[in-house]
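First the structure, in the form of structure tokens, and then the observations on it.
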Amino acid sequence: MDNTANPRETLRETIVERMLDGRQSPTELAVELGLDLEQLAEQVAQPTVRRTFTQMVWLSEIRAQLLVSSYRAMAAARLATLASATEATELARRSCVDLLKLDLTAFEMPAESEPVGIDEEAALHRVLESLGEGGIAA
């Protein structure tokens with residue numbers, strides 16, 4: 001049995017590993033691998049690489065949904081507290097409402113041609129921004 005790795009597959013694996021690591025820009029990665037940007041782009045466009053990135057995006061979406069889902073129960077409780085408080089902050093209230101209104105489609109693998117919903121992405125972005133500002137704990 002031949003134990004030598006296919007150089008093209010090894011290159012693709014290295015590209016995927018380094019891009020997922022996220023520490024290098026595409027230009028830096030191309031220089032490290034002795035490629036120009038066009039050659040790097042050609043490698044990334046290969047079906048196996050694209051499929052890997054699609055699956056990693058899906059995995060990241062699941063992780064984000066799990067994170068947001070864990071905050072939904074807290075948001076509901078916080079919203080009930082805010083409703084009875086005399087001095088509720090608007091940012092905290094809106095953050096809770098946004099979390100509760102998110103329509104999460106958990107664990108559905110999107111078709112490769114299916115675009116990400118702009119409304120869903122914008123809502124998630126608003127929620128994550130408000131979490132970064134301490135909106136839930138306010």
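So you can find residues: chains in the structure tokens are A, B, ... in the order shown, residues in each start at 1, and ligands are numbered from 1 in order.
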Please identify all polymer residues within 6 Å of Ala75 of chain A, counting only C-alpha atoms, omitting same-chain residues fewer than 4 positions from it, and present them as an MDAnalysis selection string. chainID A and resid 71 79 96
Spatial neighbours of segment 5-12 of chain A, max dist 10 Å, only C-alpha atoms, sep filter under 6 positions, as a list in words: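 Once the nearby chain positions are removed, what remains is Arg18, Leu33, Leu40, Gln43, Val44, Gln46, Thr48 and Val49 of chain A.
Separating atom CA of Ser25 of chain A from atom CA of Val68 of chain A is a distance of 29.1 Å.
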Every residue of segment 16-49 of chain A that DSSP places in alpha helix (DSSP H), as a ChimeraX atom specification: /A:16-21,26-33,37-44,47-49
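Comparing A:Leu20, A:Val97, A:Trp58, A:Thr52 by their smallest distance to Met74 of chain A, the closest is A:Val97 (using only C-alpha atoms).
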Using only C-alpha atoms, which residues sit within 12 Å of Leu29 of chain A once same-chain residues fewer than 6 positions away are excluded, as a list in words?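 Counting only the stated atoms, we get Leu11, Thr14, Ile15, Val16, Glu17, Arg18, Met19, Leu20, Asp21, Gly22, Arg23, Leu35, Asp36, Leu37, Gln39, Leu40, Ala41 and Val44 of chain A.
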Grab the residues selected above and save them as a CSV table (one decimal), in the first residue's frame with N, CA, C and O atoms.
chain,number,residue,atom,x,y,z
A,11,LEU,N,-2.1,20.0,0.3
A,11,LEU,CA,-2.2,21.4,0.1
A,11,LEU,C,-3.6,21.9,0.5
A,11,LEU,O,-3.8,22.9,1.3
A,14,THR,N,-4.1,21.8,4.2
A,14,THR,CA,-3.4,22.9,4.9
A,14,THR,C,-4.1,24.2,4.7
A,14,THR,O,-4.3,24.9,5.7
A,15,ILE,N,-4.7,24.4,3.6
A,15,ILE,CA,-5.4,25.6,3.3
A,15,ILE,C,-6.7,25.7,4.2
A,15,ILE,O,-6.9,26.7,4.9
A,16,VAL,N,-7.4,24.6,4.3
A,16,VAL,CA,-8.6,24.5,5.2
A,16,VAL,C,-8.2,24.8,6.6
A,16,VAL,O,-8.8,25.6,7.3
A,17,GLU,N,-7.2,24.1,7.1
A,17,GLU,CA,-6.7,24.2,8.5
A,17,GLU,C,-6.3,25.6,8.8
A,17,GLU,O,-6.8,26.2,9.8
A,18,ARG,N,-5.6,26.2,7.9
A,18,ARG,CA,-5.1,27.6,8.2
A,18,ARG,C,-6.2,28.6,8.1
A,18,ARG,O,-6.2,29.6,8.9
A,19,MET,N,-7.1,28.4,7.1
A,19,MET,CA,-8.2,29.4,7.0
A,19,MET,C,-9.2,29.3,8.2
A,19,MET,O,-9.7,30.3,8.7
A,20,LEU,N,-9.4,28.1,8.7
A,20,LEU,CA,-10.3,27.9,9.8
A,20,LEU,C,-9.6,28.5,11.1
A,20,LEU,O,-10.3,29.0,12.0
A,21,ASP,N,-8.3,28.4,11.1
A,21,ASP,CA,-7.6,29.0,12.3
A,21,ASP,C,-7.7,30.5,12.3
A,21,ASP,O,-7.9,31.1,13.4
A,22,GLY,N,-7.8,31.2,11.1
A,22,GLY,CA,-8.1,32.6,11.0
A,22,GLY,C,-7.0,33.5,11.4
A,22,GLY,O,-7.2,34.7,11.6
A,23,ARG,N,-5.8,33.1,11.6
A,23,ARG,CA,-4.7,34.0,12.1
A,23,ARG,C,-4.0,34.7,10.9
A,23,ARG,O,-3.2,35.6,11.1
A,35,LEU,N,2.0,30.3,-3.1
A,35,LEU,CA,1.0,30.5,-4.2
A,35,LEU,C,0.8,32.0,-4.4
A,35,LEU,O,1.1,32.8,-3.5
A,36,ASP,N,0.1,32.3,-5.5
A,36,ASP,CA,-0.4,33.7,-5.6
A,36,ASP,C,-1.9,33.6,-5.2
A,36,ASP,O,-2.4,32.6,-5.0
A,37,LEU,N,-2.5,34.8,-5.1
A,37,LEU,CA,-3.9,34.8,-4.6
A,37,LEU,C,-4.8,34.0,-5.6
A,37,LEU,O,-5.8,33.4,-5.1
A,39,GLN,N,-4.1,31.4,-7.4
A,39,GLN,CA,-3.9,30.0,-7.1
A,39,GLN,C,-4.6,29.5,-5.8
A,39,GLN,O,-5.2,28.5,-5.7
A,40,LEU,N,-4.5,30.4,-4.8
A,40,LEU,CA,-5.2,30.1,-3.5
A,40,LEU,C,-6.7,30.0,-3.7
A,40,LEU,O,-7.3,29.1,-3.3
A,41,ALA,N,-7.2,31.0,-4.5
A,41,ALA,CA,-8.6,31.0,-4.7
A,41,ALA,C,-9.1,29.8,-5.5
A,41,ALA,O,-10.2,29.3,-5.3
A,44,VAL,N,-9.4,27.0,-3.0
A,44,VAL,CA,-10.6,27.2,-2.2
A,44,VAL,C,-11.8,26.8,-2.9
A,44,VAL,O,-12.8,26.4,-2.3
